[in-house]
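**Q** One structure follows; several queries about it will come next.
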Amino acid sequence: MKRFLNASCAVLLCACFATPTPEPTSTPRIPFIITAEDNPFAPKPEDRGRQRAGAVLTSISLVEQTDLAPVRVALNISGSLPSVCNELRVEVAVPDDEYQIFVEVYSLVNRTVDCENVFQQFEASVLLGAYSAGRYTVWVNQERVGDFVAD
């Protein structure tokens, strides 16, 4: 009887303790753009039919725009285009799962227009927009330019 009483007390005592629950697995955060900015060098519908050409990049930098709320980053690019008839294009992709932003800089030219091959210097600034929290790496034409932190 004493053993039965001890066993019963032990069972009742164990029933009072909380059973451990497994910790939930953390879901990886997916980066996203909160606010997209206007890109004056973005591809346009009238680009169809134009020939894609290169752009020689001489300087690329990331600059925080602290005068904006929330703080955003501008991509400053300078270089040259193959001719005065070429138009600059800067295509900014959405961030991938690894917080990488790929930017492609190139030029377009109308094949039907005869143009002299005289290099055209350019300076361009593209505001990247407001992103979800995280550390982003920026790549321009497959080259790492730098990174920034979005809060």
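Identifiers for the structure tokens are assigned positionally: chains receive A, B, ... in sequence, residues are indexed from 1 per chain, and ligands are indexed from 1 in the order shown.
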Neighbours of Val92 (chain A) within 8 Å (only C-alpha atoms; same-chain residues fewer than 6 positions away dropped), as JSON, numbers by chain?
**A** {"A": [42, 101, 102, 103, 104, 128]}
**Q** Please, which residues of region 76-122 of chain A, numbered as in this document, come out strand (DSSP E) from DSSP, as a ChimeraX atom specification?
**A** /A:76-81,87-92,100-109,120-122
**Q** Could you jot down the CA of Val118 (chain A) to CA of Lys44 (chain A) separation for me, Å, one decimal place?
**A**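 These atoms are spaced 24.3 Å apart.
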**Q** Counting only C-alpha atoms, which residues in region 26-120 of chain A sit no more than 10 Å from region 139-147 of chain A? For each one, give the nearest pair of atoms and the distance in Å, sorted by chain then residue number, as a Markdown table.
**A**
```
| residue | atom | partner | partner_atom | distance |
| --- | --- | --- | --- | --- |
| A:Leu57 | CA | A:Asn141 | CA | 9.6 |
| A:Ile60 | CA | A:Val145 | CA | 7.0 |
| A:Ser61 | CA | A:Val145 | CA | 6.9 |
| A:Leu62 | CA | A:Gly146 | CA | 7.0 |
| A:Val73 | CA | A:Asp147 | CA | 9.7 |
| A:Leu75 | CA | A:Val145 | CA | 9.4 |
| A:Ile77 | CA | A:Val140 | CA | 9.8 |
| A:Val90 | CA | A:Val140 | CA | 9.5 |
| A:Glu91 | CA | A:Val140 | CA | 9.6 |
| A:Val92 | CA | A:Val140 | CA | 9.1 |
| A:Tyr99 | CA | A:Asp147 | CA | 9.7 |
| A:Gln100 | CA | A:Trp139 | CA | 7.3 |
| A:Ile101 | CA | A:Trp139 | CA | 6.1 |
| A:Phe102 | CA | A:Trp139 | CA | 4.8 |
| A:Val103 | CA | A:Val140 | CA | 4.7 |
| A:Glu104 | CA | A:Asn141 | CA | 5.1 |
| A:Val105 | CA | A:Asn141 | CA | 6.4 |
| A:Tyr106 | CA | A:Asn141 | CA | 8.8 |
```
**Q** With N, CA and C atoms retained, write the just-selected residues as a short mmCIF file (atom, residue, chain, number, x, y, z; two decimals), in the first residue's frame.
**A**
```cif
data_model
loop_
_atom_site.label_atom_id
_atom_site.label_comp_id
_atom_site.auth_asym_id
_atom_site.auth_seq_id
_atom_site.Cartn_x
_atom_site.Cartn_y
_atom_site.Cartn_z
N LEU A 57 32.98 51.50 -67.27
CA LEU A 57 32.77 52.11 -65.96
C LEU A 57 34.12 52.46 -65.35
N ILE A 60 32.61 53.69 -59.43
CA ILE A 60 31.33 53.23 -58.88
C ILE A 60 31.42 53.38 -57.37
N SER A 61 30.40 53.99 -56.77
CA SER A 61 30.40 54.13 -55.31
C SER A 61 28.98 54.09 -54.77
N LEU A 62 28.87 53.68 -53.51
CA LEU A 62 27.60 53.71 -52.79
C LEU A 62 27.66 54.87 -51.80
N VAL A 73 20.30 54.51 -50.03
CA VAL A 73 21.62 54.47 -50.63
C VAL A 73 21.51 54.80 -52.12
N LEU A 75 23.57 54.83 -55.81
CA LEU A 75 24.66 54.23 -56.56
C LEU A 75 25.14 55.29 -57.54
N ILE A 77 27.70 56.33 -60.50
CA ILE A 77 28.46 55.68 -61.55
C ILE A 77 28.99 56.74 -62.51
N VAL A 90 20.53 51.46 -66.63
CA VAL A 90 20.93 50.90 -65.34
C VAL A 90 19.74 50.09 -64.84
N GLU A 91 19.92 48.78 -64.81
CA GLU A 91 18.84 47.87 -64.42
C GLU A 91 19.14 47.32 -63.03
N VAL A 92 18.28 47.65 -62.06
CA VAL A 92 18.46 47.23 -60.67
C VAL A 92 17.48 46.10 -60.38
N TYR A 99 20.39 38.49 -49.78
CA TYR A 99 20.51 39.94 -49.60
C TYR A 99 21.51 40.56 -50.58
N GLN A 100 21.53 40.07 -51.80
CA GLN A 100 22.39 40.60 -52.84
C GLN A 100 21.53 41.35 -53.85
N ILE A 101 21.99 42.54 -54.23
CA ILE A 101 21.31 43.34 -55.23
C ILE A 101 22.23 43.40 -56.45
N PHE A 102 21.75 42.88 -57.57
CA PHE A 102 22.54 42.87 -58.79
C PHE A 102 22.09 44.01 -59.70
N VAL A 103 23.06 44.80 -60.15
CA VAL A 103 22.80 45.94 -61.01
C VAL A 103 23.54 45.70 -62.32
N GLU A 104 22.86 45.96 -63.41
CA GLU A 104 23.49 45.82 -64.71
C GLU A 104 23.52 47.19 -65.39
N VAL A 105 24.73 47.61 -65.79
CA VAL A 105 24.91 48.89 -66.48
C VAL A 105 25.35 48.59 -67.90
N TYR A 106 24.63 49.15 -68.86
CA TYR A 106 24.93 48.93 -70.28
C TYR A 106 24.39 50.11 -71.07
#
```
**Q** Which residues are close to region 28-32 of chain A, i.e. within 9 Å by only C-alpha atoms, leaving aside same-chain residues fewer than 4 positions away? Reply as a ChimeraX atom specification.
**A** /A:94-99,130-134,136
**Q** Could you pull the residues within 10 Å of Glu37 (chain A), counting only C-alpha atoms, minus those fewer than 3 positions along the same chain, as a list in words?
**A**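 Once the adjacent positions are removed, what remains is Ile33, Ile34, Pro40, Arg72, Val126, Leu127, Leu128, Gly129 and Ala130 of chain A.
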**Q** Can you tell me, as a VMD selection string, what residues are no more than 9 Å from Val71 (chain A) when counting only C-alpha atoms, ignoring any on the same chain fewer than 3 positions away?
**A** chain A and resid 64 to 68 130 150 to 151
**Q** Could the residues in this selection be saved with N, CA and C atoms as a short mmCIF file (atom, residue, chain, number, x, y, z; two decimals), in the first residue's frame?
**A**
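In the end it all went to selection_22.cif:
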```cif
data_model
loop_
_atom_site.label_atom_id
_atom_site.label_comp_id
_atom_site.auth_asym_id
_atom_site.auth_seq_id
_atom_site.Cartn_x
_atom_site.Cartn_y
_atom_site.Cartn_z
N GLU A 64 25.34 56.94 -48.81
CA GLU A 64 24.11 57.04 -48.01
C GLU A 64 23.50 58.42 -48.16
N GLN A 65 22.21 58.46 -48.40
CA GLN A 65 21.47 59.71 -48.49
C GLN A 65 20.79 59.95 -47.15
N THR A 66 21.51 60.59 -46.23
CA THR A 66 21.00 60.77 -44.86
C THR A 66 19.93 61.85 -44.78
N ASP A 67 19.78 62.64 -45.82
CA ASP A 67 18.75 63.68 -45.81
C ASP A 67 17.36 63.11 -46.11
N LEU A 68 17.30 61.85 -46.46
CA LEU A 68 16.03 61.19 -46.74
C LEU A 68 15.60 60.33 -45.55
N ALA A 130 14.14 51.95 -50.50
CA ALA A 130 14.11 51.53 -49.09
C ALA A 130 13.88 50.03 -49.05
N ALA A 150 20.30 48.16 -43.95
CA ALA A 150 18.98 48.79 -43.87
C ALA A 150 18.38 48.45 -42.51
N ASP A 151 17.85 49.44 -41.84
CA ASP A 151 17.25 49.21 -40.50
C ASP A 151 15.79 48.91 -40.58
#
```
**Q** Which polymer residues have any atom within 8 Å of an atom of Val56 (chain A), counting only C-alpha atoms, with same-chain residues fewer than 2 positions away left out, as a list in words?
**A**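 What passes the distance filter is Gly54, Thr58, Gly79, Ser80 and Leu81 of chain A.
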**Q** Output N, CA and C atoms for every residue in the selection just made, as a PDB file, in the first residue's frame.
**A**
```pdb
ATOM      1  N   GLY A  54      28.043  47.982 -74.757  1.00  0.00           N
ATOM      2  CA  GLY A  54      28.667  48.067 -73.439  1.00  0.00           C
ATOM      3  C   GLY A  54      28.734  49.481 -72.904  1.00  0.00           C
ATOM      4  N   THR A  58      34.278  53.735 -64.963  1.00  0.00           N
ATOM      5  CA  THR A  58      35.547  54.175 -64.378  1.00  0.00           C
ATOM      6  C   THR A  58      35.450  54.380 -62.873  1.00  0.00           C
ATOM      7  N   GLY A  79      31.602  56.969 -66.195  1.00  0.00           N
ATOM      8  CA  GLY A  79      32.296  56.193 -67.208  1.00  0.00           C
ATOM      9  C   GLY A  79      32.072  56.785 -68.570  1.00  0.00           C
ATOM     10  N   SER A  80      32.108  55.918 -69.585  1.00  0.00           N
ATOM     11  CA  SER A  80      31.903  56.398 -70.952  1.00  0.00           C
ATOM     12  C   SER A  80      31.129  55.365 -71.761  1.00  0.00           C
ATOM     13  N   LEU A  81      30.424  55.881 -72.774  1.00  0.00           N
ATOM     14  CA  LEU A  81      29.657  55.059 -73.697  1.00  0.00           C
ATOM     15  C   LEU A  81      30.377  55.055 -75.038  1.00  0.00           C
TER      16      LEU A  81
END
```
**Q** Separation of CA of Ala124 (chain A) and CA of Ala69 (chain A), in Å?
**A**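 Atom-to-atom, CA of Ala124 (chain A) and CA of Ala69 (chain A) are spaced 21.9 Å apart.
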**Q** Please determine, counting only C-alpha atoms, which residue among A:Thr137, A:Asn110, A:Ser59, A:Gln51 has the shortest atom-to-atom distance to Glu123 (chain A).
**A**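 Of A:Thr137, A:Asn110, A:Ser59, A:Gln51, the one nearest Glu123 (chain A) is A:Ser59, counting only C-alpha atoms.
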**Q** Write out as a list in words all residues of chain A that backbone DSSP assigns to helix (DSSP H, G or I).
**A**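 DSSP-assigned helix (DSSP H, G or I) residues in chain A: Lys2, Arg3, Phe4, Leu5, Asn6, Ala7, Ser8, Cys9, Ala10, Val11, Leu12, Leu13, Cys14, Ala15, Cys16, Pro45, Glu46 and Asp47 of chain A.
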**Q** If you keep N, CA and C atoms, can you produce a file of those selected residues as a PDB file, in the first residue's frame?
**A**
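Output below, filename out20.pdb:
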```
ATOM      1  N   LYS A   2       1.980   1.168   0.766  1.00  0.00           N
ATOM      2  CA  LYS A   2       2.874   2.312   0.838  1.00  0.00           C
ATOM      3  C   LYS A   2       3.494   2.587  -0.531  1.00  0.00           C
ATOM      4  N   ARG A   3       3.855   1.511  -1.236  1.00  0.00           N
ATOM      5  CA  ARG A   3       4.414   1.679  -2.564  1.00  0.00           C
ATOM      6  C   ARG A   3       3.383   2.271  -3.521  1.00  0.00           C
ATOM      7  N   PHE A   4       2.162   1.830  -3.415  1.00  0.00           N
ATOM      8  CA  PHE A   4       1.102   2.350  -4.257  1.00  0.00           C
ATOM      9  C   PHE A   4       0.901   3.838  -4.004  1.00  0.00           C
ATOM     10  N   LEU A   5       0.933   4.239  -2.752  1.00  0.00           N
ATOM     11  CA  LEU A   5       0.768   5.636  -2.376  1.00  0.00           C
ATOM     12  C   LEU A   5       1.934   6.469  -2.907  1.00  0.00           C
ATOM     13  N   ASN A   6       3.156   5.971  -2.776  1.00  0.00           N
ATOM     14  CA  ASN A   6       4.339   6.677  -3.284  1.00  0.00           C
ATOM     15  C   ASN A   6       4.277   6.815  -4.809  1.00  0.00           C
ATOM     16  N   ALA A   7       3.886   5.745  -5.492  1.00  0.00           N
ATOM     17  CA  ALA A   7       3.783   5.773  -6.945  1.00  0.00           C
ATOM     18  C   ALA A   7       2.708   6.748  -7.395  1.00  0.00           C
ATOM     19  N   SER A   8       1.591   6.761  -6.671  1.00  0.00           N
ATOM     20  CA  SER A   8       0.495   7.678  -7.014  1.00  0.00           C
ATOM     21  C   SER A   8       0.926   9.120  -6.822  1.00  0.00           C
ATOM     22  N   CYS A   9       1.633   9.419  -5.730  1.00  0.00           N
ATOM     23  CA  CYS A   9       2.126  10.770  -5.475  1.00  0.00           C
ATOM     24  C   CYS A   9       3.128  11.186  -6.545  1.00  0.00           C
ATOM     25  N   ALA A  10       3.975  10.260  -6.955  1.00  0.00           N
ATOM     26  CA  ALA A  10       4.971  10.566  -7.980  1.00  0.00           C
ATOM     27  C   ALA A  10       4.290  10.883  -9.314  1.00  0.00           C
ATOM     28  N   VAL A  11       3.262  10.106  -9.658  1.00  0.00           N
ATOM     29  CA  VAL A  11       2.539  10.348 -10.907  1.00  0.00           C
ATOM     30  C   VAL A  11       1.831  11.694 -10.857  1.00  0.00           C
ATOM     31  N   LEU A  12       1.177  11.994  -9.739  1.00  0.00           N
ATOM     32  CA  LEU A  12       0.485  13.273  -9.600  1.00  0.00           C
ATOM     33  C   LEU A  12       1.463  14.446  -9.613  1.00  0.00           C
ATOM     34  N   LEU A  13       2.617  14.265  -8.984  1.00  0.00           N
ATOM     35  CA  LEU A  13       3.627  15.312  -8.934  1.00  0.00           C
ATOM     36  C   LEU A  13       4.193  15.565 -10.334  1.00  0.00           C
ATOM     37  N   CYS A  14       4.425  14.513 -11.087  1.00  0.00           N
ATOM     38  CA  CYS A  14       4.948  14.668 -12.444  1.00  0.00           C
ATOM     39  C   CYS A  14       3.927  15.338 -13.356  1.00  0.00           C
ATOM     40  N   ALA A  15       2.663  15.120 -13.083  1.00  0.00           N
ATOM     41  CA  ALA A  15       1.620  15.706 -13.910  1.00  0.00           C
ATOM     42  C   ALA A  15       1.569  17.218 -13.750  1.00  0.00           C
ATOM     43  N   CYS A  16       2.078  17.737 -12.642  1.00  0.00           N
ATOM     44  CA  CYS A  16       2.058  19.174 -12.399  1.00  0.00           C
ATOM     45  C   CYS A  16       3.138  19.917 -13.179  1.00  0.00           C
ATOM     46  N   PRO A  45      10.065  50.687 -72.692  1.00  0.00           N
ATOM     47  CA  PRO A  45       9.410  49.887 -73.746  1.00  0.00           C
ATOM     48  C   PRO A  45       9.974  50.176 -75.141  1.00  0.00           C
ATOM     49  N   GLU A  46      10.376  51.402 -75.407  1.00  0.00           N
ATOM     50  CA  GLU A  46      10.898  51.739 -76.736  1.00  0.00           C
ATOM     51  C   GLU A  46      12.314  51.206 -76.983  1.00  0.00           C
ATOM     52  N   ASP A  47      12.895  50.536 -75.981  1.00  0.00           N
ATOM     53  CA  ASP A  47      14.222  49.932 -76.143  1.00  0.00           C
ATOM     54  C   ASP A  47      14.201  48.727 -77.067  1.00  0.00           C
TER      55      ASP A  47
END
```
**Q** Can you tell me how far CA of Asn76 (chain A) sits from CA of Thr35 (chain A), in Å to one decimal?
**A**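 We find that CA of Asn76 (chain A) and CA of Thr35 (chain A) lie 19.2 Å from each other.
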**Q** I need the residue nearest Glu87 (chain A) from this list: A:Val113, A:Ala36, A:Ala74, A:Ala55. Use only C-alpha atoms for the distance.
**A**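 Looking at the shortest contact to Glu87 (chain A), the residue is A:Ala55.
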